[in-house]
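Peer 1: Input: one structure, supplied below.
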Amino acid sequence: MSEQETPEHAAPDDGRLVITSDQSDLAGARQITAGHLRECCDWVDRDAVLLVVSELLSNAVLHGGGWWRLTVTASPGQLRIEVEDKESLVPSIRQVDMKGAPGGLGMHIISKLVTSYEAAVHPAGTGKTVRALWSRPGLPA
């Protein structure tokens, strides 16, 4: 078993996975998440979830100080992805400048792929958590 697959990343009995930037890079986090989704959340569009994970983690690296914690929680009726970082400024959907600076598409992409999303600043402004949710059609969360 490789370091990225160690039991400290996942608790299979409760459908929860936690990875930090101290344990993995972005590519590794995506790979671990993909495996977790195969085991715990077969109803969700994995490609869409992995794109959202990539966008949220990239935002944490670019705008959140570099450190991040990814938490994936799967239940029969809902999938929740949470990314924490150390920046208290919450992301927003902004006007994309197609002729100017690159970027600005991440929250547009996320908003189209999830059931809902939200961001919350931690107490004392020590960072934030951005949460993306997928609800399984026909089942309670």
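Note on naming: chains are A, B, ... as they come in the structure tokens, residues start from 1 per chain, ligands start from 1 in the order shown.
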Compile the contact shell of A:Trp68 as a list in words: residues with an atom at most 7 Å away, counting only C-alpha atoms, same-chain residues fewer than 4 positions apart removed.

Peer 2: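 In the requested format, the answer is Thr20, Ser21, Ala60, Val83, Glu84 and Asp85 of chain A.
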
Peer 1: With all heavy atoms retained, export the selected residues as a compact mmCIF listing (two decimals), in the first residue's frame.

Peer 2:
```
# COMPACT_ATOMS: atom_id res chain seq x y z
N THR A 20 -4.74 16.43 3.52
CA THR A 20 -4.22 17.80 3.61
C THR A 20 -3.05 17.97 2.66
O THR A 20 -2.46 17.00 2.17
CB THR A 20 -3.74 18.15 5.03
OG1 THR A 20 -2.56 17.38 5.32
CG2 THR A 20 -4.81 17.88 6.07
N SER A 21 -2.72 19.23 2.43
CA SER A 21 -1.58 19.53 1.56
C SER A 21 -0.27 19.04 2.18
O SER A 21 0.72 18.90 1.47
CB SER A 21 -1.50 21.03 1.28
OG SER A 21 -1.46 21.77 2.49
N ALA A 60 -7.38 27.15 -3.52
CA ALA A 60 -6.73 27.18 -2.21
C ALA A 60 -5.23 27.45 -2.35
O ALA A 60 -4.65 28.20 -1.55
CB ALA A 60 -6.97 25.87 -1.47
N VAL A 83 -13.28 22.15 1.14
CA VAL A 83 -11.88 22.54 1.09
C VAL A 83 -11.69 23.72 2.02
O VAL A 83 -12.34 24.75 1.87
CB VAL A 83 -11.43 22.89 -0.35
CG1 VAL A 83 -10.00 23.43 -0.35
CG2 VAL A 83 -11.54 21.66 -1.25
N GLU A 84 -10.80 23.53 2.97
CA GLU A 84 -10.44 24.60 3.90
C GLU A 84 -9.10 25.17 3.47
O GLU A 84 -8.22 24.43 2.99
CB GLU A 84 -10.28 24.05 5.32
CG GLU A 84 -11.52 23.51 5.93
CD GLU A 84 -11.24 22.91 7.29
OE1 GLU A 84 -10.73 23.64 8.18
OE2 GLU A 84 -11.51 21.70 7.45
N ASP A 85 -8.93 26.47 3.67
CA ASP A 85 -7.62 27.09 3.48
C ASP A 85 -7.46 28.20 4.50
O ASP A 85 -8.32 28.38 5.37
CB ASP A 85 -7.41 27.58 2.03
CG ASP A 85 -8.36 28.67 1.61
OD1 ASP A 85 -8.68 29.56 2.42
OD2 ASP A 85 -8.79 28.65 0.45
```

Peer 1: Just the residues within 10 Å of A:Cys40, please, counting only C-alpha atoms, with nothing from its chain fewer than 6 positions along; format it as a VMD selection string.

Peer 2: chain A and resid 12 to 16 73 to 76 79

Peer 1: Write out as a ChimeraX atom specification the set of residues from chain A that DSSP, computed on the backbone, places in helix (DSSP H, G or I).

Peer 2: /A:3-5,7-9,26-40,46-63,106-113,123-125

Peer 1: List as a list in words the protein and nucleic acid residues near A:Glu87, meaning an atom at most 10 Å away when only C-alpha atoms are counted, but skip any in the same chain fewer than 5 places from it.

Peer 2: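 The filter keeps Ala60, His63, Gly64, Gly65, Gly66, Trp67, Val121, His122, Gly125, Thr126, Gly127, Lys128 and Thr129 of chain A.
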
Peer 1: Just write the chosen residues, all heavy atoms, as a PDB file, in the first residue's frame.

Peer 2:
```
ATOM      1  N   ALA A  60      -7.377  27.155  -3.524  1.00  0.00           N
ATOM      2  CA  ALA A  60      -6.729  27.184  -2.211  1.00  0.00           C
ATOM      3  C   ALA A  60      -5.234  27.451  -2.345  1.00  0.00           C
ATOM      4  O   ALA A  60      -4.650  28.196  -1.554  1.00  0.00           O
ATOM      5  CB  ALA A  60      -6.972  25.874  -1.469  1.00  0.00           C
ATOM      6  N   HIS A  63      -5.023  31.281  -4.094  1.00  0.00           N
ATOM      7  CA  HIS A  63      -5.601  32.409  -3.363  1.00  0.00           C
ATOM      8  C   HIS A  63      -5.674  32.204  -1.858  1.00  0.00           C
ATOM      9  O   HIS A  63      -5.996  33.147  -1.142  1.00  0.00           O
ATOM     10  CB  HIS A  63      -7.024  32.691  -3.873  1.00  0.00           C
ATOM     11  CG  HIS A  63      -7.115  32.828  -5.349  1.00  0.00           C
ATOM     12  ND1 HIS A  63      -6.529  33.866  -6.042  1.00  0.00           N
ATOM     13  CD2 HIS A  63      -7.721  32.041  -6.274  1.00  0.00           C
ATOM     14  CE1 HIS A  63      -6.774  33.711  -7.333  1.00  0.00           C
ATOM     15  NE2 HIS A  63      -7.491  32.616  -7.497  1.00  0.00           N
ATOM     16  N   GLY A  64      -5.421  31.003  -1.385  1.00  0.00           N
ATOM     17  CA  GLY A  64      -5.629  30.694   0.028  1.00  0.00           C
ATOM     18  C   GLY A  64      -4.382  30.449   0.834  1.00  0.00           C
ATOM     19  O   GLY A  64      -4.447  29.869   1.912  1.00  0.00           O
ATOM     20  N   GLY A  65      -3.250  30.828   0.319  1.00  0.00           N
ATOM     21  CA  GLY A  65      -2.018  30.689   1.085  1.00  0.00           C
ATOM     22  C   GLY A  65      -1.274  29.389   0.879  1.00  0.00           C
ATOM     23  O   GLY A  65      -0.213  29.183   1.452  1.00  0.00           O
ATOM     24  N   GLY A  66      -1.822  28.470   0.079  1.00  0.00           N
ATOM     25  CA  GLY A  66      -1.092  27.247  -0.243  1.00  0.00           C
ATOM     26  C   GLY A  66      -1.509  26.027   0.551  1.00  0.00           C
ATOM     27  O   GLY A  66      -1.594  24.929   0.018  1.00  0.00           O
ATOM     28  N   TRP A  67      -1.765  26.203   1.856  1.00  0.00           N
ATOM     29  CA  TRP A  67      -2.187  25.061   2.664  1.00  0.00           C
ATOM     30  C   TRP A  67      -3.670  24.799   2.424  1.00  0.00           C
ATOM     31  O   TRP A  67      -4.459  25.722   2.264  1.00  0.00           O
ATOM     32  CB  TRP A  67      -1.965  25.339   4.152  1.00  0.00           C
ATOM     33  CG  TRP A  67      -2.413  24.202   5.021  1.00  0.00           C
ATOM     34  CD1 TRP A  67      -1.660  23.126   5.405  1.00  0.00           C
ATOM     35  CD2 TRP A  67      -3.710  24.009   5.587  1.00  0.00           C
ATOM     36  NE1 TRP A  67      -2.417  22.269   6.165  1.00  0.00           N
ATOM     37  CE2 TRP A  67      -3.684  22.796   6.294  1.00  0.00           C
ATOM     38  CE3 TRP A  67      -4.893  24.722   5.546  1.00  0.00           C
ATOM     39  CZ2 TRP A  67      -4.787  22.292   6.968  1.00  0.00           C
ATOM     40  CZ3 TRP A  67      -6.006  24.219   6.224  1.00  0.00           C
ATOM     41  CH2 TRP A  67      -5.939  23.030   6.931  1.00  0.00           C
ATOM     42  N   VAL A 121     -16.532  31.737   6.422  1.00  0.00           N
ATOM     43  CA  VAL A 121     -15.291  32.183   7.052  1.00  0.00           C
ATOM     44  C   VAL A 121     -15.212  31.559   8.440  1.00  0.00           C
ATOM     45  O   VAL A 121     -16.212  31.504   9.165  1.00  0.00           O
ATOM     46  CB  VAL A 121     -15.252  33.728   7.136  1.00  0.00           C
ATOM     47  CG1 VAL A 121     -14.013  34.197   7.872  1.00  0.00           C
ATOM     48  CG2 VAL A 121     -15.319  34.324   5.746  1.00  0.00           C
ATOM     49  N   HIS A 122     -14.030  31.093   8.810  1.00  0.00           N
ATOM     50  CA  HIS A 122     -13.823  30.509  10.136  1.00  0.00           C
ATOM     51  C   HIS A 122     -13.861  31.612  11.194  1.00  0.00           C
ATOM     52  O   HIS A 122     -13.562  32.773  10.892  1.00  0.00           O
ATOM     53  CB  HIS A 122     -12.469  29.810  10.202  1.00  0.00           C
ATOM     54  CG  HIS A 122     -12.340  28.689   9.235  1.00  0.00           C
ATOM     55  ND1 HIS A 122     -11.142  28.082   8.975  1.00  0.00           N
ATOM     56  CD2 HIS A 122     -13.245  28.038   8.449  1.00  0.00           C
ATOM     57  CE1 HIS A 122     -11.299  27.123   8.087  1.00  0.00           C
ATOM     58  NE2 HIS A 122     -12.569  27.081   7.752  1.00  0.00           N
ATOM     59  N   GLY A 125     -11.603  34.942  11.591  1.00  0.00           N
ATOM     60  CA  GLY A 125     -11.021  35.202  10.280  1.00  0.00           C
ATOM     61  C   GLY A 125      -9.762  34.421   9.988  1.00  0.00           C
ATOM     62  O   GLY A 125      -8.876  34.890   9.290  1.00  0.00           O
ATOM     63  N   THR A 126      -9.676  33.190  10.499  1.00  0.00           N
ATOM     64  CA  THR A 126      -8.468  32.380  10.342  1.00  0.00           C
ATOM     65  C   THR A 126      -8.459  31.519   9.087  1.00  0.00           C
ATOM     66  O   THR A 126      -7.617  30.650   8.949  1.00  0.00           O
ATOM     67  CB  THR A 126      -8.275  31.466  11.564  1.00  0.00           C
ATOM     68  OG1 THR A 126      -9.445  30.644  11.692  1.00  0.00           O
ATOM     69  CG2 THR A 126      -8.077  32.268  12.830  1.00  0.00           C
ATOM     70  N   GLY A 127      -9.392  31.749   8.205  1.00  0.00           N
ATOM     71  CA  GLY A 127      -9.481  30.970   6.977  1.00  0.00           C
ATOM     72  C   GLY A 127     -10.936  30.779   6.609  1.00  0.00           C
ATOM     73  O   GLY A 127     -11.823  31.433   7.144  1.00  0.00           O
ATOM     74  N   LYS A 128     -11.164  29.851   5.685  1.00  0.00           N
ATOM     75  CA  LYS A 128     -12.531  29.591   5.226  1.00  0.00           C
ATOM     76  C   LYS A 128     -12.675  28.142   4.814  1.00  0.00           C
ATOM     77  O   LYS A 128     -11.687  27.427   4.623  1.00  0.00           O
ATOM     78  CB  LYS A 128     -12.877  30.490   4.052  1.00  0.00           C
ATOM     79  CG  LYS A 128     -12.111  30.144   2.773  1.00  0.00           C
ATOM     80  CD  LYS A 128     -12.559  30.989   1.614  1.00  0.00           C
ATOM     81  CE  LYS A 128     -11.648  30.851   0.424  1.00  0.00           C
ATOM     82  NZ  LYS A 128     -10.269  31.217   0.644  1.00  0.00           N
ATOM     83  N   THR A 129     -13.935  27.746   4.662  1.00  0.00           N
ATOM     84  CA  THR A 129     -14.277  26.451   4.101  1.00  0.00           C
ATOM     85  C   THR A 129     -15.224  26.690   2.942  1.00  0.00           C
ATOM     86  O   THR A 129     -16.209  27.415   3.085  1.00  0.00           O
ATOM     87  CB  THR A 129     -14.975  25.544   5.142  1.00  0.00           C
ATOM     88  OG1 THR A 129     -14.090  25.345   6.248  1.00  0.00           O
ATOM     89  CG2 THR A 129     -15.349  24.197   4.533  1.00  0.00           C
TER      90      THR A 129
END
```

Peer 1: Pick the closest to A:Arg46 from A:Val61, A:Ala119, A:Val114, A:Val18: which is it, counting only C-alpha atoms?

Peer 2: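 Smallest distance to A:Arg46 is found for A:Val114.
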
Peer 1: List every residue of chain A that DSSP, applied to the backbone of this structure, places in strand (DSSP E), and write the result as a ChimeraX atom specification.

Peer 2: /A:10-11,16-20,68-74,78-85,116-121,128-135
